[in-house]
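J.: Contents of model_23.txt (compact mmCIF, C-alpha atoms):
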# COMPACT_ATOMS: atom_id res chain seq x y z
CA LEU A 1 41.26 -136.25 -121.99
CA GLY A 2 39.07 -137.77 -119.32
CA LEU A 3 39.60 -140.01 -116.33
CA GLY A 4 36.79 -142.09 -114.86
CA GLY A 5 36.24 -144.94 -112.48
CA SER A 6 36.69 -145.23 -108.76
CA GLU A 7 38.69 -142.29 -107.48
CA VAL A 8 39.34 -144.18 -104.26
CA ASN A 9 41.31 -146.88 -106.09
CA ALA A 10 42.66 -144.62 -108.85
CA PRO A 11 43.53 -141.13 -107.59
CA PRO A 12 44.39 -138.50 -110.20
CA GLU A 13 48.02 -137.84 -109.32
CA PRO A 14 49.62 -140.90 -111.01
CA PHE A 15 48.10 -139.80 -114.33
CA ALA A 16 49.76 -136.36 -114.28
CA PRO A 17 52.39 -137.09 -116.98
CA ILE A 18 49.74 -138.35 -119.41
CA PHE A 19 47.53 -135.32 -118.83
CA ALA A 20 50.48 -132.94 -119.16
CA GLU A 21 51.34 -134.47 -122.53
CA ALA A 22 47.73 -134.31 -123.69
CA LYS A 23 47.49 -130.65 -122.69
CA ARG A 24 50.71 -129.92 -124.60
CA HIS A 25 48.88 -131.26 -127.66
CA GLY A 26 45.86 -129.03 -127.07
CA LEU A 27 43.49 -131.42 -125.37
CA MET A 28 41.36 -130.34 -122.44
CA SER A 29 41.77 -132.07 -119.10
CA ILE A 30 38.36 -133.36 -117.94
CA PRO A 31 38.86 -135.93 -115.17
CA HIS A 32 36.19 -137.25 -112.87
CA ALA A 33 37.04 -136.37 -109.28
CA GLY A 34 35.33 -135.65 -106.00
CA GLU A 35 32.50 -138.12 -106.30
CA SER A 36 33.59 -141.35 -104.61
CA ALA A 37 36.63 -139.67 -103.05
CA GLY A 38 36.63 -136.42 -101.13
CA ALA A 39 37.83 -132.91 -101.85
CA ALA A 40 41.46 -134.09 -102.05
CA SER A 41 40.54 -135.85 -105.29
CA VAL A 42 39.37 -132.54 -106.79
CA TRP A 43 42.56 -130.82 -105.61
CA GLY A 44 44.56 -133.57 -107.34
CA ALA A 45 42.55 -133.10 -110.53
CA ILE A 46 43.11 -129.35 -110.69
CA ASN A 47 46.68 -129.24 -109.34
CA ASP A 48 48.17 -132.39 -110.89
CA LEU A 49 46.03 -132.89 -113.99
CA GLY A 50 45.39 -129.23 -114.80
CA ALA A 51 41.65 -129.89 -114.95
CA ASP A 52 39.82 -127.53 -117.25
CA ARG A 53 36.53 -129.06 -116.11
CA VAL A 54 35.80 -131.65 -113.42
CA GLY A 55 33.36 -134.52 -113.83
CA HIS A 56 31.17 -134.52 -110.72
CA GLY A 57 33.35 -132.72 -108.16
CA VAL A 58 30.47 -132.64 -105.69
CA ARG A 59 32.66 -133.49 -102.72
CA ALA A 60 34.36 -130.11 -103.21
CA ILE A 61 31.64 -128.94 -100.82
CA GLU A 62 33.78 -130.41 -98.01
CA ASP A 63 36.51 -127.75 -98.44
CA THR A 64 35.70 -124.02 -98.44
CA ARG A 65 39.16 -123.17 -99.78
CA LEU A 66 38.56 -125.52 -102.71
CA LEU A 67 35.18 -123.91 -103.41
CA ALA A 68 36.86 -120.51 -103.55
CA GLU A 69 39.55 -121.91 -105.88
CA LEU A 70 37.00 -123.47 -108.23
CA ALA A 71 34.90 -120.30 -108.28
CA GLY A 72 37.89 -117.99 -108.67
CA ARG A 73 39.42 -119.98 -111.52
CA LYS A 74 36.00 -120.69 -113.07
CA ILE A 75 36.68 -124.42 -113.24
CA PRO A 76 33.31 -125.99 -114.04
CA LEU A 77 31.83 -129.00 -112.28
CA GLU A 78 29.72 -131.44 -114.31
CA ILE A 79 26.80 -132.16 -111.98
CA SER A 80 24.82 -135.36 -112.53
CA LEU A 81 22.10 -135.29 -109.90
CA THR A 82 20.26 -138.54 -110.63
CA SER A 83 23.52 -140.43 -111.06
CA ASN A 84 24.80 -139.24 -107.68
CA ILE A 85 21.63 -140.57 -106.04
CA TYR A 86 21.51 -143.78 -108.09
CA LEU A 87 25.11 -144.57 -107.16
CA LYS A 88 24.33 -143.71 -103.52
CA PHE A 89 26.76 -140.84 -103.09
CA PHE A 90 23.86 -138.94 -101.51
CA PRO A 91 20.75 -140.54 -100.00
CA ARG A 92 18.24 -138.07 -101.47
CA LEU A 93 18.19 -135.27 -104.00
CA GLU A 94 17.31 -132.84 -101.21
CA GLU A 95 20.71 -133.63 -99.62
CA HIS A 96 22.72 -133.08 -102.80
CA PRO A 97 25.12 -130.11 -102.49
CA LEU A 98 24.21 -128.55 -105.86
CA PRO A 99 22.52 -125.47 -104.32
CA LEU A 100 25.46 -124.93 -101.96
CA LEU A 101 27.98 -125.27 -104.79
CA ASP A 102 25.93 -122.78 -106.79
CA GLN A 103 25.73 -120.34 -103.86
CA ALA A 104 29.53 -120.58 -103.50
CA GLY A 105 29.85 -119.26 -107.05
CA VAL A 106 31.14 -122.49 -108.61
CA LEU A 107 30.42 -122.75 -112.35
CA LEU A 108 28.04 -125.70 -112.68
CA THR A 109 26.75 -127.63 -115.67
CA ILE A 110 23.93 -130.15 -115.62
CA ASN A 111 24.65 -133.59 -117.06
CA THR A 112 23.23 -137.11 -117.26
CA ASP A 113 26.42 -139.15 -116.66
CA ASP A 114 25.17 -142.47 -118.09
CA PRO A 115 21.52 -141.90 -119.08
CA THR A 116 20.83 -145.46 -120.29
CA LEU A 117 22.03 -147.01 -117.03
CA ILE A 118 20.65 -144.30 -114.75
CA GLY A 119 17.34 -143.87 -116.58
CA THR A 120 17.33 -140.10 -116.98
CA THR A 121 17.46 -137.44 -119.65
CA LEU A 122 18.99 -134.00 -119.71
CA SER A 123 15.48 -132.49 -119.64
CA LYS A 124 14.68 -134.46 -116.48
CA GLU A 125 17.92 -133.32 -114.86
CA TYR A 126 17.07 -129.66 -115.54
CA GLN A 127 13.51 -130.19 -114.27
CA LEU A 128 14.99 -131.32 -110.94
CA LEU A 129 16.45 -127.84 -110.51
CA VAL A 130 12.89 -126.50 -110.49
CA ASP A 131 11.08 -129.33 -108.73
CA VAL A 132 13.61 -130.14 -106.00
CA TYR A 133 15.59 -126.94 -105.48
CA GLY A 134 13.02 -124.31 -106.43
CA TYR A 135 15.15 -122.74 -109.14
CA SER A 136 13.45 -120.08 -111.24
CA PRO A 137 13.45 -120.11 -115.05
CA ALA A 138 16.18 -117.44 -114.91
CA ASP A 139 18.30 -119.71 -112.69
CA VAL A 140 17.84 -122.64 -115.08
CA ILE A 141 18.81 -120.45 -118.04
CA ARG A 142 21.88 -119.19 -116.15
CA ILE A 143 23.04 -122.74 -115.46
CA ALA A 144 22.22 -123.94 -118.99
CA ARG A 145 24.36 -121.06 -120.31
CA ASN A 146 27.31 -122.47 -118.37
CA ALA A 147 27.40 -125.47 -120.72
CA PHE A 148 28.56 -123.18 -123.54
CA ILE A 149 31.17 -121.56 -121.31
CA ALA A 150 32.48 -124.96 -120.17
CA SER A 151 32.52 -126.51 -123.63
CA ALA A 152 35.65 -127.43 -125.56
CA ALA A 153 34.58 -125.21 -128.48
CA ASP A 154 37.01 -122.57 -129.70
CA ALA A 155 36.45 -118.98 -128.54
CA THR A 156 34.81 -117.87 -131.79
CA THR A 157 32.31 -120.73 -131.70
CA LYS A 158 31.60 -120.17 -128.00
CA ASP A 159 30.97 -116.46 -128.59
CA ARG A 160 28.58 -117.24 -131.46
CA LEU A 161 26.70 -119.89 -129.50
CA LEU A 162 26.48 -117.70 -126.40
CA LEU A 163 25.08 -114.85 -128.50
CA GLU A 164 22.49 -117.21 -130.01
CA PHE A 165 21.57 -118.58 -126.59
CA ASP A 166 21.38 -115.11 -125.02
CA THR A 167 19.18 -113.89 -127.90
CA TRP A 168 16.93 -116.92 -127.52
CA SER A 169 16.62 -116.48 -123.74
CA ALA A 170 15.96 -112.73 -124.04
CA ASN A 171 13.23 -113.34 -126.63
CA ARG A 172 11.78 -116.11 -124.49
CA ASN A 173 11.32 -113.68 -121.60
CA SER A 174 9.79 -110.84 -123.65
Using structure tokens, write down the structure that the file contains.
T.:
Amino acid sequence: LGLGGSEVNAPPEPFAPIFAEAKRHGLMSIPHAGESAGAASVWGAINDLGADRVGHGVRAIEDTRLLAELAGRKIPLEISLTSNIYLKFFPRLEEHPLPLLDQAGVLLTINTDDPTLIGTTLSKEYQLLVDVYGYSPADVIRIARNAFIASAADATTKDRLLLEFDTWSANRNS
């Protein structure tokens, strides 16, 4: 179950009963938080909505305790670089907190958000890791691998896909 829109006007906490019911029925909690509102929005998503993954979450960078919580609990953030710039949450890609979130040990995935509106592709988003942040091929592979970990697939499917991906990446580097 997701939650989108302006976090400023629609904080996560009022939606807690709906998310609790959805989780009881086996759905993942995947709210957007910490994009237009600060770190408190991410806290609300993980504490009140039981977020299994957080859409955006980039404002988590404002709270070192939150970064430690996200990293420790391995709660992934769905990072959409071009979208965050397009929507003016950061003035330039060079000022985006992705590298700092990564250095803090937060599990990150790369996403497009709304590719038709924003004018990007997933390939372009990954290329930004190299072009803007100087990530190595190994770094890009590490972050791409996170998408399997963060997916809603069952454990058996995740294990199979991770094995396939790891085999592909090992063969790519030999």
J.: May I have a table of the residues of segment 124-170 of chain A lying at most 12 Å from segment 28-40 of chain A, giving each one's closest pair of atoms and their distance in Å to one decimal, counting all atoms listed in the file, ordered by chain and ascending residue number, as CSV?
T.:
residue,atom,partner,partner_atom,distance
A:Ala150,CA,A:Ile30,CA,10.5
A:Ser151,CA,A:Met28,CA,9.7
A:Ala152,CA,A:Met28,CA,7.1
A:Ala153,CA,A:Met28,CA,10.4
A:Asp154,CA,A:Met28,CA,11.5
J.: Name the residues in contact with segment 103-118 of chain A at a cut-off of 7 Å, using all atoms listed in the file, excluding same-chain residues fewer than 5 positions from it; report them as a count of residues only.
T.: 18
J.: Find the residues with any atom within 12 Å of (38.5, -142.3, -109.9); use all atoms listed in the file and the coordinates as given in the file, and write the answer as a PDB file with C-alpha atoms, keeping the file's coordinate frame.
T.:
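Full text of part.pdb as output:
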ATOM      1  CA  GLY A   2      39.070-137.770-119.320  1.00  0.00           C
ATOM      2  CA  LEU A   3      39.600-140.010-116.330  1.00  0.00           C
ATOM      3  CA  GLY A   4      36.790-142.090-114.860  1.00  0.00           C
ATOM      4  CA  GLY A   5      36.240-144.940-112.480  1.00  0.00           C
ATOM      5  CA  SER A   6      36.690-145.230-108.760  1.00  0.00           C
ATOM      6  CA  GLU A   7      38.690-142.290-107.480  1.00  0.00           C
ATOM      7  CA  VAL A   8      39.340-144.180-104.260  1.00  0.00           C
ATOM      8  CA  ASN A   9      41.310-146.880-106.090  1.00  0.00           C
ATOM      9  CA  ALA A  10      42.660-144.620-108.850  1.00  0.00           C
ATOM     10  CA  PRO A  11      43.530-141.130-107.590  1.00  0.00           C
ATOM     11  CA  PRO A  12      44.390-138.500-110.200  1.00  0.00           C
ATOM     12  CA  GLU A  13      48.020-137.840-109.320  1.00  0.00           C
ATOM     13  CA  PRO A  14      49.620-140.900-111.010  1.00  0.00           C
ATOM     14  CA  PHE A  15      48.100-139.800-114.330  1.00  0.00           C
ATOM     15  CA  PRO A  31      38.860-135.930-115.170  1.00  0.00           C
ATOM     16  CA  HIS A  32      36.190-137.250-112.870  1.00  0.00           C
ATOM     17  CA  ALA A  33      37.040-136.370-109.280  1.00  0.00           C
ATOM     18  CA  GLY A  34      35.330-135.650-106.000  1.00  0.00           C
ATOM     19  CA  GLU A  35      32.500-138.120-106.300  1.00  0.00           C
ATOM     20  CA  SER A  36      33.590-141.350-104.610  1.00  0.00           C
ATOM     21  CA  ALA A  37      36.630-139.670-103.050  1.00  0.00           C
ATOM     22  CA  GLY A  38      36.630-136.420-101.130  1.00  0.00           C
ATOM     23  CA  ALA A  40      41.460-134.090-102.050  1.00  0.00           C
ATOM     24  CA  SER A  41      40.540-135.850-105.290  1.00  0.00           C
ATOM     25  CA  VAL A  42      39.370-132.540-106.790  1.00  0.00           C
ATOM     26  CA  GLY A  44      44.560-133.570-107.340  1.00  0.00           C
ATOM     27  CA  ALA A  45      42.550-133.100-110.530  1.00  0.00           C
ATOM     28  CA  VAL A  54      35.800-131.650-113.420  1.00  0.00           C
ATOM     29  CA  GLY A  55      33.360-134.520-113.830  1.00  0.00           C
ATOM     30  CA  HIS A  56      31.170-134.520-110.720  1.00  0.00           C
ATOM     31  CA  GLY A  57      33.350-132.720-108.160  1.00  0.00           C
TER      32      GLY A  57
END
J.: Mind giving me the straight-line distance from atom CA of Lys88 of chain A to atom CA of Val140 of chain A in Å, one decimal?
T.: 24.9 Å
J.: Neighbouring residues of Lys124 of chain A were defined as those with any atom within 10 Å, considering only C-alpha atoms; residues of the same chain fewer than 4 positions away were excluded. Please report them as a PyMOL selection string.
T.: chain A and resi 81-82+112+119-120+128-129+131
J.: Restricting it to C-alpha atoms, dump the selection as a PDB file, in the coordinates of the input.
T.:
ATOM      1  CA  LEU A  81      22.100-135.290-109.900  1.00  0.00           C
ATOM      2  CA  THR A  82      20.260-138.540-110.630  1.00  0.00           C
ATOM      3  CA  THR A 112      23.230-137.110-117.260  1.00  0.00           C
ATOM      4  CA  GLY A 119      17.340-143.870-116.580  1.00  0.00           C
ATOM      5  CA  THR A 120      17.330-140.100-116.980  1.00  0.00           C
ATOM      6  CA  LEU A 128      14.990-131.320-110.940  1.00  0.00           C
ATOM      7  CA  LEU A 129      16.450-127.840-110.510  1.00  0.00           C
ATOM      8  CA  ASP A 131      11.080-129.330-108.730  1.00  0.00           C
TER       9      ASP A 131
END
J.: Applying 10 Å and all atoms listed in the file, which residues near Ile85 of chain A remain after dropping the ones on its own chain fewer than 5 positions away? List them as a PyMOL selection string.
T.: chain A and resi 80+90-93+95-96+118
J.: Just how far from atom CA of His25 of chain A is atom CA of Thr156 of chain A, in Å to one decimal?
T.: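 Atom CA of Thr156 of chain A sits 19.9 Å away from atom CA of His25 of chain A.
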J.: In Å, with one decimal, what is the gap from atom CA of Leu122 of chain A to atom CA of Lys158 of chain A?
T.: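 Pair atom CA of Leu122 of chain A / atom CA of Lys158 of chain A returns 20.5 Å.
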J.: Check the smallest atom-to-atom distance from each of A:Ala138, A:Leu87, A:Leu1, A:Val130 to Ile18 of chain A using only C-alpha atoms, then report the winner.
T.: A:Leu1
J.: Of the candidates A:Leu66, A:Ile149, A:Leu100, A:Ile141, which one gets nearest to Asp52 of chain A if we count only C-alpha atoms?
T.: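 Closest to Asp52 of chain A of all the choices is A:Ile149.
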